[in-house]
$ cat run-v5.cif   # mmCIF, C-alpha atoms; chains and numbers go by the auth columns
data_coords
#
loop_
_atom_site.group_PDB
_atom_site.id
_atom_site.type_symbol
_atom_site.label_atom_id
_atom_site.label_comp_id
_atom_site.label_asym_id
_atom_site.label_seq_id
_atom_site.Cartn_x
_atom_site.Cartn_y
_atom_site.Cartn_z
_atom_site.B_iso_or_equiv
_atom_site.auth_seq_id
_atom_site.auth_asym_id
ATOM 1 C CA MET A 1 47.747 75.096 76.692 0.00 295 Y
ATOM 2 C CA ARG A 2 50.158 73.806 79.335 0.00 296 Y
ATOM 3 C CA PRO A 3 49.160 72.369 82.721 0.00 297 Y
ATOM 4 C CA LEU A 4 49.877 75.373 84.979 0.00 298 Y
ATOM 5 C CA VAL A 5 47.499 77.668 83.174 0.00 299 Y
ATOM 6 C CA ARG A 6 44.897 74.957 82.649 0.00 300 Y
ATOM 7 C CA VAL A 7 44.370 74.847 86.395 0.00 301 Y
ATOM 8 C CA ALA A 8 43.850 78.592 86.693 0.00 302 Y
ATOM 9 C CA VAL A 9 41.649 78.736 83.600 0.00 303 Y
ATOM 10 C CA LEU A 10 39.429 75.920 84.801 0.00 304 Y
ATOM 11 C CA ALA A 11 39.045 77.484 88.232 0.00 305 Y
ATOM 12 C CA TYR A 12 38.069 80.833 86.765 0.00 306 Y
ATOM 13 C CA ALA A 13 35.587 79.297 84.347 0.00 307 Y
ATOM 14 C CA LEU A 14 33.912 77.346 87.118 0.00 308 Y
ATOM 15 C CA CYS A 15 33.217 80.574 88.995 0.00 309 Y
ATOM 16 C CA GLY A 16 30.414 81.227 86.546 0.00 310 Y
ATOM 17 C CA THR A 17 29.215 77.673 85.921 0.00 311 Y
ATOM 18 C CA ALA A 18 29.402 75.786 89.191 0.00 312 Y
ATOM 19 C CA ARG A 19 28.253 77.963 92.094 0.00 313 Y
ATOM 20 C CA VAL A 20 28.974 76.687 95.567 0.00 314 Y
ATOM 21 C CA SER A 21 26.064 76.771 98.006 0.00 315 Y
ATOM 22 C CA ALA A 22 26.397 79.197 100.887 0.00 316 Y
ATOM 23 C CA GLN A 23 25.264 76.443 103.277 0.00 317 Y
ATOM 24 C CA GLN A 24 26.508 73.112 101.915 0.00 318 Y
ATOM 25 C CA PRO A 25 29.453 72.408 99.634 0.00 319 Y
ATOM 26 C CA THR A 26 28.579 71.301 96.119 0.00 320 Y
ATOM 27 C CA CYS A 27 31.432 69.436 94.504 0.00 321 Y
ATOM 28 C CA ASP A 28 32.013 70.089 90.831 0.00 322 Y
ATOM 29 C CA SER A 29 31.030 66.905 89.028 0.00 323 Y
ATOM 30 C CA ALA A 30 33.584 67.472 86.267 0.00 324 Y
ATOM 31 C CA LEU A 31 36.355 67.270 88.865 0.00 325 Y
ATOM 32 C CA VAL A 32 34.834 64.441 90.901 0.00 326 Y
ATOM 33 C CA VAL A 33 34.863 62.038 87.941 0.00 327 Y
ATOM 34 C CA ARG A 34 38.538 62.855 87.362 0.00 328 Y
ATOM 35 C CA ALA A 35 39.563 62.510 91.001 0.00 329 Y
ATOM 36 C CA HIS A 36 41.853 59.691 92.023 0.00 330 Y
ATOM 37 C CA GLY A 37 43.315 58.228 95.192 0.00 331 Y
ATOM 38 C CA PRO A 38 42.583 59.110 98.825 0.00 332 Y
ATOM 39 C CA HIS A 39 43.380 62.774 98.168 0.00 333 Y
ATOM 40 C CA GLY A 40 41.078 63.014 95.139 0.00 334 Y
ATOM 41 C CA TYR A 41 38.661 65.932 94.830 0.00 335 Y
ATOM 42 C CA GLN A 42 35.572 65.062 96.888 0.00 336 Y
ATOM 43 C CA LYS A 43 33.283 66.280 99.640 0.00 337 Y
ATOM 44 C CA ARG A 44 35.157 66.613 102.937 0.00 338 Y
ATOM 45 C CA GLY A 45 32.769 67.871 105.606 0.00 339 Y
ATOM 46 C CA ASP A 46 31.917 71.502 104.867 0.00 340 Y
ATOM 47 C CA ARG A 47 34.069 71.739 101.739 0.00 341 Y
ATOM 48 C CA CYS A 48 35.027 69.957 98.528 0.00 342 Y
ATOM 49 C CA GLU A 49 38.769 69.519 98.124 0.00 343 Y
ATOM 50 C CA GLY A 50 41.436 67.429 96.501 0.00 344 Y
ATOM 51 C CA VAL A 51 43.451 66.665 93.408 0.00 345 Y
ATOM 52 C CA TYR A 52 42.220 65.566 89.998 0.00 346 Y
ATOM 53 C CA ALA A 53 43.356 64.839 86.456 0.00 347 Y
ATOM 54 C CA GLN A 54 42.201 67.490 84.023 0.00 348 Y
ATOM 55 C CA ASP A 55 43.214 68.899 80.689 0.00 349 Y
ATOM 56 C CA VAL A 56 41.214 71.833 79.334 0.00 350 Y
ATOM 57 C CA GLY A 57 41.657 74.975 77.290 0.00 351 Y
ATOM 58 C CA GLY A 58 40.503 78.430 78.226 0.00 352 Y
ATOM 59 C CA ASP A 59 41.055 82.164 78.256 0.00 353 Y
ATOM 60 C CA PRO A 60 44.533 83.631 77.665 0.00 354 Y
ATOM 61 C CA LEU A 61 44.465 85.648 80.905 0.00 355 Y
ATOM 62 C CA VAL A 62 42.699 84.825 84.194 0.00 356 Y
ATOM 63 C CA LEU A 63 42.506 86.033 87.778 0.00 357 Y
ATOM 64 C CA ALA A 64 43.995 83.411 90.117 0.00 358 Y
ATOM 65 C CA SER A 65 44.248 85.037 93.558 0.00 359 Y
ATOM 66 C CA LEU A 66 43.343 88.164 95.537 0.00 360 Y
ATOM 67 C CA THR A 67 44.616 88.525 99.096 0.00 361 Y
ATOM 68 C CA GLU A 68 45.038 91.257 101.662 0.00 362 Y
ATOM 69 C CA SER A 69 47.530 89.163 103.633 0.00 363 Y
ATOM 70 C CA PHE A 70 48.629 85.529 103.423 0.00 364 Y
ATOM 71 C CA GLU A 71 50.903 83.939 106.022 0.00 365 Y
ATOM 72 C CA ASP A 72 53.792 81.988 104.528 0.00 366 Y
ATOM 73 C CA TYR A 73 52.797 78.699 106.120 0.00 367 Y
ATOM 74 C CA THR A 74 54.625 75.410 105.648 0.00 368 Y
ATOM 75 C CA PRO A 75 52.262 72.418 105.697 0.00 369 Y
ATOM 76 C CA SER A 76 53.298 69.274 107.496 0.00 370 Y
ATOM 77 C CA GLU A 77 51.526 66.151 108.694 0.00 371 Y
ATOM 78 C CA ASP A 78 52.245 66.837 112.374 0.00 372 Y
ATOM 79 C CA GLY A 79 48.835 68.179 113.354 0.00 373 Y
ATOM 80 C CA ASP A 80 49.082 71.697 111.938 0.00 374 Y
ATOM 81 C CA PRO A 81 46.360 74.150 113.002 0.00 375 Y
ATOM 82 C CA PRO A 82 43.876 75.076 110.277 0.00 376 Y
ATOM 83 C CA LEU A 83 44.291 78.079 108.034 0.00 377 Y
ATOM 84 C CA THR A 84 42.007 80.918 109.111 0.00 378 Y
ATOM 85 C CA ILE A 85 40.466 82.867 106.236 0.00 379 Y
ATOM 86 C CA GLU A 86 38.842 86.215 106.987 0.00 380 Y
ATOM 87 C CA TRP A 87 37.230 88.857 104.781 0.00 381 Y
ATOM 88 C CA THR A 88 35.443 92.200 105.006 0.00 382 Y
ATOM 89 C CA PRO A 89 31.767 91.585 104.126 0.00 383 Y
ATOM 90 C CA LEU A 90 29.792 93.350 101.426 0.00 384 Y
ATOM 91 C CA ASP A 91 26.034 93.792 102.019 0.00 385 Y
ATOM 92 C CA GLY A 92 25.863 90.664 104.176 0.00 386 Y
ATOM 93 C CA GLY A 93 25.635 88.279 101.243 0.00 387 Y
ATOM 94 C CA PRO A 94 26.921 84.679 101.128 0.00 388 Y
ATOM 95 C CA VAL A 95 30.526 84.144 100.087 0.00 389 Y
ATOM 96 C CA THR A 96 32.184 81.527 97.892 0.00 390 Y
ATOM 97 C CA LEU A 97 35.775 80.543 98.659 0.00 391 Y
ATOM 98 C CA ARG A 98 38.038 78.748 96.212 0.00 392 Y
ATOM 99 C CA ALA A 99 41.680 77.683 96.405 0.00 393 Y
ATOM 100 C CA GLN A 100 43.569 76.361 93.396 0.00 394 Y
ATOM 101 C CA GLY A 101 46.983 75.084 92.444 0.00 395 Y
ATOM 102 C CA MET A 102 49.366 77.544 90.802 0.00 396 Y
ATOM 103 C CA LYS A 103 52.133 75.230 89.696 0.00 397 Y
ATOM 104 C CA ARG A 104 52.737 73.063 86.651 0.00 398 Y
ATOM 105 C CA ASP A 105 51.067 69.650 87.040 0.00 399 Y
ATOM 106 C CA LEU A 106 49.376 70.639 90.315 0.00 400 Y
ATOM 107 C CA TYR A 107 45.694 69.878 89.639 0.00 401 Y
ATOM 108 C CA TYR A 108 44.188 70.845 92.974 0.00 402 Y
ATOM 109 C CA GLN A 109 41.078 72.726 94.063 0.00 403 Y
ATOM 110 C CA MET A 110 39.086 73.537 97.202 0.00 404 Y
ATOM 111 C CA ASP A 111 35.523 74.910 97.165 0.00 405 Y
ATOM 112 C CA THR A 112 33.261 75.973 99.994 0.00 406 Y
ATOM 113 C CA GLY A 113 30.261 78.258 100.379 0.00 407 Y
ATOM 114 C CA ARG A 114 29.883 80.361 103.508 0.00 408 Y
ATOM 115 C CA PRO A 115 26.862 82.216 104.944 0.00 409 Y
ATOM 116 C CA SER A 116 26.959 85.950 105.622 0.00 410 Y
ATOM 117 C CA GLU A 117 28.081 85.372 109.225 0.00 411 Y
ATOM 118 C CA PRO A 118 30.638 84.718 110.567 0.00 412 Y
ATOM 119 C CA THR A 119 33.084 86.392 108.181 0.00 413 Y
ATOM 120 C CA ARG A 120 35.775 83.764 108.675 0.00 414 Y
ATOM 121 C CA TYR A 121 36.422 80.160 107.786 0.00 415 Y
ATOM 122 C CA GLU A 122 38.636 77.608 109.528 0.00 416 Y
ATOM 123 C CA TRP A 123 40.156 75.576 106.699 0.00 417 Y
ATOM 124 C CA PRO A 124 41.675 72.218 107.701 0.00 418 Y
ATOM 125 C CA CYS A 125 45.055 71.812 106.011 0.00 419 Y
ATOM 126 C CA ASP A 126 45.209 68.009 105.971 0.00 420 Y
ATOM 127 C CA VAL A 127 45.009 67.781 102.171 0.00 421 Y
ATOM 128 C CA LEU A 128 47.526 70.605 101.714 0.00 422 Y
ATOM 129 C CA ALA A 129 49.887 68.803 104.091 0.00 423 Y
ATOM 130 C CA ALA A 130 49.377 65.383 102.513 0.00 424 Y
ATOM 131 C CA ARG A 131 50.065 66.794 99.038 0.00 425 Y
ATOM 132 C CA HIS A 132 52.895 69.070 100.300 0.00 426 Y
ATOM 133 C CA ILE A 133 51.346 72.202 98.784 0.00 427 Y
ATOM 134 C CA PRO A 134 53.155 75.319 100.068 0.00 428 Y
ATOM 135 C CA ARG A 135 51.846 78.855 100.111 0.00 429 Y
ATOM 136 C CA ARG A 136 53.754 79.871 96.953 0.00 430 Y
ATOM 137 C CA ASP A 137 51.828 77.286 94.908 0.00 431 Y
ATOM 138 C CA LEU A 138 48.385 78.262 96.163 0.00 432 Y
ATOM 139 C CA GLY A 139 45.981 80.903 94.873 0.00 433 Y
ATOM 140 C CA VAL A 140 42.883 81.780 96.920 0.00 434 Y
ATOM 141 C CA LEU A 141 39.791 83.736 95.900 0.00 435 Y
ATOM 142 C CA GLY A 142 36.614 84.785 97.703 0.00 436 Y
ATOM 143 C CA TRP A 143 33.616 86.428 96.074 0.00 437 Y
ATOM 144 C CA THR A 144 30.004 87.401 96.534 0.00 438 Y
ATOM 145 C CA ARG A 145 27.303 88.481 94.065 0.00 439 Y
ATOM 146 C CA ARG A 146 26.321 92.111 93.515 0.00 440 Y
ATOM 147 C CA SER A 147 24.265 93.962 90.919 0.00 441 Y
ATOM 148 C CA ILE A 148 26.394 96.505 89.054 0.00 442 Y
ATOM 149 C CA GLY A 149 24.700 98.502 86.327 0.00 443 Y
ATOM 150 C CA GLY A 150 21.748 96.097 86.347 0.00 444 Y
ATOM 151 C CA THR A 151 23.941 93.002 85.845 0.00 445 Y
ATOM 152 C CA GLU A 152 24.828 90.436 88.504 0.00 446 Y
ATOM 153 C CA ARG A 153 28.604 90.321 88.912 0.00 447 Y
ATOM 154 C CA ASP A 154 31.121 88.385 90.945 0.00 448 Y
ATOM 155 C CA VAL A 155 32.641 90.917 93.339 0.00 449 Y
ATOM 156 C CA TYR A 156 35.874 89.642 94.864 0.00 450 Y
ATOM 157 C CA LEU A 157 36.672 90.144 98.544 0.00 451 Y
ATOM 158 C CA PRO A 158 40.380 90.436 99.411 0.00 452 Y
ATOM 159 C CA LEU A 159 41.175 87.626 101.833 0.00 453 Y
ATOM 160 C CA ARG A 160 43.247 87.636 104.998 0.00 454 Y
ATOM 161 C CA ILE A 161 44.808 84.240 105.713 0.00 455 Y
ATOM 162 C CA GLY A 162 46.783 83.118 108.727 0.00 456 Y
ATOM 163 C CA GLN A 163 47.729 79.899 110.474 0.00 457 Y
ATOM 164 C CA ARG A 164 50.032 80.247 113.472 0.00 458 Y
ATOM 165 C CA SER A 165 49.300 83.976 113.651 0.00 459 Y
ATOM 166 C CA ALA A 166 45.951 85.731 113.356 0.00 460 Y
ATOM 167 C CA PRO A 167 45.142 87.066 109.877 0.00 461 Y
ATOM 168 C CA THR A 168 46.386 90.630 109.573 0.00 462 Y
ATOM 169 C CA ARG A 169 44.908 93.729 107.993 0.00 463 Y
ATOM 170 C CA SER A 170 46.979 95.399 105.294 0.00 464 Y
ATOM 171 C CA ALA A 171 46.958 98.633 103.348 0.00 465 Y
ATOM 172 C CA ALA A 172 47.758 96.760 100.129 0.00 466 Y
ATOM 173 C CA TYR A 173 46.259 93.880 98.167 0.00 467 Y
ATOM 174 C CA GLU A 174 48.030 91.347 95.971 0.00 468 Y
ATOM 175 C CA LEU A 175 46.332 90.345 92.718 0.00 469 Y
ATOM 176 C CA THR A 176 47.733 87.409 90.787 0.00 470 Y
ATOM 177 C CA PHE A 177 46.947 86.809 87.117 0.00 471 Y
ATOM 178 C CA PHE A 178 48.051 83.986 84.844 0.00 472 Y
ATOM 179 C CA PRO A 179 48.778 84.315 81.105 0.00 473 Y
ATOM 180 C CA SER A 180 48.560 81.221 78.923 0.00 474 Y
ATOM 181 C CA ALA A 181 50.827 82.805 76.306 0.00 475 Y
ATOM 182 C CA THR A 182 53.831 85.101 76.320 0.00 476 Y
ATOM 183 C CA LEU A 183 52.883 88.768 76.645 0.00 477 Y
ATOM 184 C CA THR A 184 54.831 91.769 75.413 0.00 478 Y
ATOM 185 C CA GLU A 185 53.229 94.304 77.759 0.00 479 Y
ATOM 186 C CA VAL A 186 50.487 94.663 80.340 0.00 480 Y
ATOM 187 C CA HIS A 187 48.424 97.764 81.140 0.00 481 Y
ATOM 188 C CA LEU A 188 46.567 98.277 84.421 0.00 482 Y
ATOM 189 C CA ARG A 189 43.571 100.535 84.993 0.00 483 Y
ATOM 190 C CA VAL A 190 41.863 100.773 88.385 0.00 484 Y
ATOM 191 C CA THR A 191 38.739 102.856 89.011 0.00 485 Y
ATOM 192 C CA GLN A 192 36.230 103.284 91.780 0.00 486 Y
ATOM 193 C CA ILE A 193 32.691 102.869 90.449 0.00 487 Y
ATOM 194 C CA ASP A 194 29.132 103.442 91.671 0.00 488 Y
ATOM 195 C CA ASP A 195 26.239 100.974 91.639 0.00 489 Y
ATOM 196 C CA SER A 196 25.408 101.900 88.058 0.00 490 Y
ATOM 197 C CA GLY A 197 28.931 101.004 86.963 0.00 491 Y
ATOM 198 C CA ARG A 198 29.913 104.600 86.230 0.00 492 Y
ATOM 199 C CA VAL A 199 33.407 105.739 87.138 0.00 493 Y
ATOM 200 C CA LYS A 200 33.609 107.869 90.266 0.00 494 Y
ATOM 201 C CA ARG A 201 37.386 108.165 90.450 0.00 495 Y
ATOM 202 C CA VAL A 202 40.444 106.958 88.550 0.00 496 Y
ATOM 203 C CA VAL A 203 43.135 105.357 90.720 0.00 497 Y
ATOM 204 C CA ARG A 204 45.471 104.014 88.017 0.00 498 Y
ATOM 205 C CA ASN A 205 45.024 105.251 84.499 0.00 499 Y
ATOM 206 C CA GLY A 206 46.108 102.339 82.341 0.00 500 Y
ATOM 207 C CA ARG A 207 49.856 102.841 82.225 0.00 501 Y
ATOM 208 C CA GLU A 208 52.160 99.953 81.436 0.00 502 Y
ATOM 209 C CA LEU A 209 53.268 97.816 84.360 0.00 503 Y
ATOM 210 C CA GLY A 210 56.780 97.925 82.970 0.00 504 Y
ATOM 211 C CA TYR A 211 57.878 94.564 84.384 0.00 505 Y
ATOM 212 C CA GLY A 212 59.771 93.946 81.153 0.00 506 Y
ATOM 213 C CA ASP A 213 59.197 90.210 80.921 0.00 507 Y
ATOM 214 C CA TYR A 214 55.894 88.312 80.845 0.00 508 Y
ATOM 215 C CA PRO A 215 56.564 84.653 80.007 0.00 509 Y
ATOM 216 C CA ALA A 216 53.695 82.240 79.466 0.00 510 Y
ATOM 217 C CA GLN A 217 52.529 80.389 82.594 0.00 511 Y
ATOM 218 C CA ARG A 218 54.358 82.635 85.009 0.00 512 Y
ATOM 219 C CA PRO A 219 52.148 84.510 87.512 0.00 513 Y
ATOM 220 C CA ILE A 220 51.826 88.261 87.177 0.00 514 Y
ATOM 221 C CA ARG A 221 51.622 89.721 90.675 0.00 515 Y
ATOM 222 C CA ILE A 222 50.334 93.244 91.150 0.00 516 Y
ATOM 223 C CA SER A 223 50.261 95.234 94.389 0.00 517 Y
ATOM 224 C CA LEU A 224 47.358 97.632 94.901 0.00 518 Y
ATOM 225 C CA SER A 225 47.682 100.252 97.616 0.00 519 Y
ATOM 226 C CA GLU A 226 46.493 103.755 98.485 0.00 520 Y
ATOM 227 C CA LEU A 227 43.136 103.134 96.869 0.00 521 Y
ATOM 228 C CA GLY A 228 41.218 105.675 98.938 0.00 522 Y
ATOM 229 C CA PRO A 229 37.667 105.388 100.312 0.00 523 Y
ATOM 230 C CA PRO A 230 35.822 102.084 100.683 0.00 524 Y
ATOM 231 C CA GLY A 231 33.656 100.928 97.797 0.00 525 Y
ATOM 232 C CA ILE A 232 33.474 98.811 94.660 0.00 526 Y
ATOM 233 C CA TYR A 233 36.499 99.014 92.364 0.00 527 Y
ATOM 234 C CA GLN A 234 37.007 97.771 88.840 0.00 528 Y
ATOM 235 C CA VAL A 235 40.379 96.495 87.696 0.00 529 Y
ATOM 236 C CA GLU A 236 41.078 96.177 83.984 0.00 530 Y
ATOM 237 C CA ILE A 237 44.081 94.305 82.669 0.00 531 Y
ATOM 238 C CA GLY A 238 44.955 94.946 79.039 0.00 532 Y
ATOM 239 C CA ALA A 239 47.573 92.603 77.635 0.00 533 Y
ATOM 240 C CA VAL A 240 49.340 92.473 74.289 0.00 534 Y
ATOM 241 C CA LEU A 241 50.211 88.928 73.238 0.00 535 Y
ATOM 242 C CA GLU A 242 53.439 88.036 71.487 0.00 536 Y
ATOM 243 C CA SER A 243 51.326 87.124 68.458 0.00 537 Y
ATOM 244 C CA GLY A 244 50.212 90.752 68.203 0.00 538 Y
ATOM 245 C CA SER A 245 46.632 90.235 69.344 0.00 539 Y
ATOM 246 C CA SER A 246 45.322 91.731 72.580 0.00 540 Y
ATOM 247 C CA VAL A 247 43.039 90.745 75.439 0.00 541 Y
ATOM 248 C CA THR A 248 41.265 92.706 78.181 0.00 542 Y
ATOM 249 C CA LEU A 249 40.177 91.219 81.485 0.00 543 Y
ATOM 250 C CA LYS A 250 37.761 93.035 83.818 0.00 544 Y
ATOM 251 C CA ASN A 251 37.093 92.129 87.448 0.00 545 Y
ATOM 252 C CA TRP A 252 35.378 93.843 90.349 0.00 546 Y
ATOM 253 C CA PHE A 253 36.467 93.840 93.983 0.00 547 Y
ATOM 254 C CA TYR A 254 35.359 95.366 97.262 0.00 548 Y
ATOM 255 C CA HIS A 255 37.756 97.660 99.065 0.00 549 Y
ATOM 256 C CA GLY A 256 36.487 97.786 102.628 0.00 550 Y
ATOM 257 C CA ILE A 257 39.009 99.921 104.503 0.00 551 Y
ATOM 258 C CA GLU A 258 39.900 103.574 104.141 0.00 552 Y
ATOM 259 C CA THR A 259 43.386 104.119 102.710 0.00 553 Y
ATOM 260 C CA VAL A 260 44.621 107.628 102.094 0.00 554 Y
ATOM 261 C CA PRO A 261 47.039 108.363 99.209 0.00 555 Y
ATOM 262 C CA HIS A 262 50.254 110.077 100.296 0.00 556 Y
#
$ encode --input "run-v5.cif" --output "structure tokens"
Amino acid sequence: MRPLVRVAVLAYALCGTARVSAQQPTCDSALVVRAHGPHGYQKRGDRCEGVYAQDVGGDPLVLASLTESFEDYTPSEDGDPPLTIEWTPLDGGPVTLRAQGMKRDLYYQMDTGRPSEPTRYEWPCDVLAARHIPRRDLGVLGWTRRSIGGTERDVYLPLRIGQRSAPTRSAAYELTFFPSATLTEVHLRVTQIDDSGRVKRVVRNGRELGYGDYPAQRPIRISLSELGPPGIYQVEIGAVLESGSSVTLKNWFYHGIETVPH
């Protein structure tokens, strides 16, 4: 597996194995021991952040980012204001935030745990500036825990991120997935579900994305809009690998604003 996907795979795997406290940041020990230099992954106030050397394998398809809006900032070392991250809460539970590199050889991660209130985080961009990490190379996820069908799940919260302008609400979300191998086609199914996990409504029925080209290690960006009423949604990505085998990835996210289909 090549470096770009290793970063995304590691970040996704750590979601289930290295929870970040909602009150104090808990650095991932596997990254700390591989950190190097002044910008190495370590505790920095209310977060853990930095670069590291890592080489791992993992799943062929992972979720790397889910945003409602994300300002196209340009980091510099001239005293930039922090990035403001906002989200729509679900049941008042604590939230975990994670940022990760989405570029070959960019081994970078930020972790922080936030309480239920306030529903925003001011993220200092000193490390991003020092490492010259632009918006296009950064994936950001936020999630909380919720019981669905009797099983605790990570439920992702679409994030709104701004710097020189206030974070903006949007009628569409951007999901970014990473494949570790070349794909021949990708199918997308989106459904609204109830607390038992049963389907209430089908939004997208599993048709092919039809992008035509899915090279290994290139992000697959999907826009979701006109979802309908607020609630928990399940997104299923079915991918056919060039080898002929297939993989299915399921994730859950909270849609917190009414959007009416045209």
$ resolve_selection --input "run-v5.cif" --expression "the PyMOL selection byres ((chain Y and resi 508-513) around 6)" --output "JSON list (two decimals) with C-alpha atoms, in the coordinates of the input"
[["chain", "number", "residue", "atom", "x", "y", "z"],
["Y", 299, "VAL", "CA", 47.50, 77.67, 83.17],
["Y", 471, "PHE", "CA", 46.95, 86.81, 87.12],
["Y", 472, "PHE", "CA", 48.05, 83.99, 84.84],
["Y", 473, "PRO", "CA", 48.78, 84.32, 81.10],
["Y", 474, "SER", "CA", 48.56, 81.22, 78.92],
["Y", 475, "ALA", "CA", 50.83, 82.80, 76.31],
["Y", 476, "THR", "CA", 53.83, 85.10, 76.32],
["Y", 477, "LEU", "CA", 52.88, 88.77, 76.64],
["Y", 507, "ASP", "CA", 59.20, 90.21, 80.92],
["Y", 514, "ILE", "CA", 51.83, 88.26, 87.18]]
$ atom_distance --input "run-v5.cif" --atom1 "atom CA of Arg414 of chain Y" --atom2 "atom CA of Pro523 of chain Y"
23.3 Å
$ closest_residue --input "run-v5.cif" --among "Y:Leu325, Y:Leu400, Y:Ala424, Y:Leu469" --to "Ser359 of chain Y" --atoms "all atoms listed in the file"
Y:Leu469
$ closest_residue --input "run-v5.cif" --among "Y:Met404, Y:Ile531, Y:Val434, Y:Ala423" --to "Pro375 of chain Y" --atoms "all atoms listed in the file"
Y:Ala423
$ closest_residue --input "run-v5.cif" --among "Y:Ile379, Y:Leu453, Y:Leu432, Y:Leu521" --to "Arg398 of chain Y" --atoms "all atoms listed in the file"
Y:Leu432
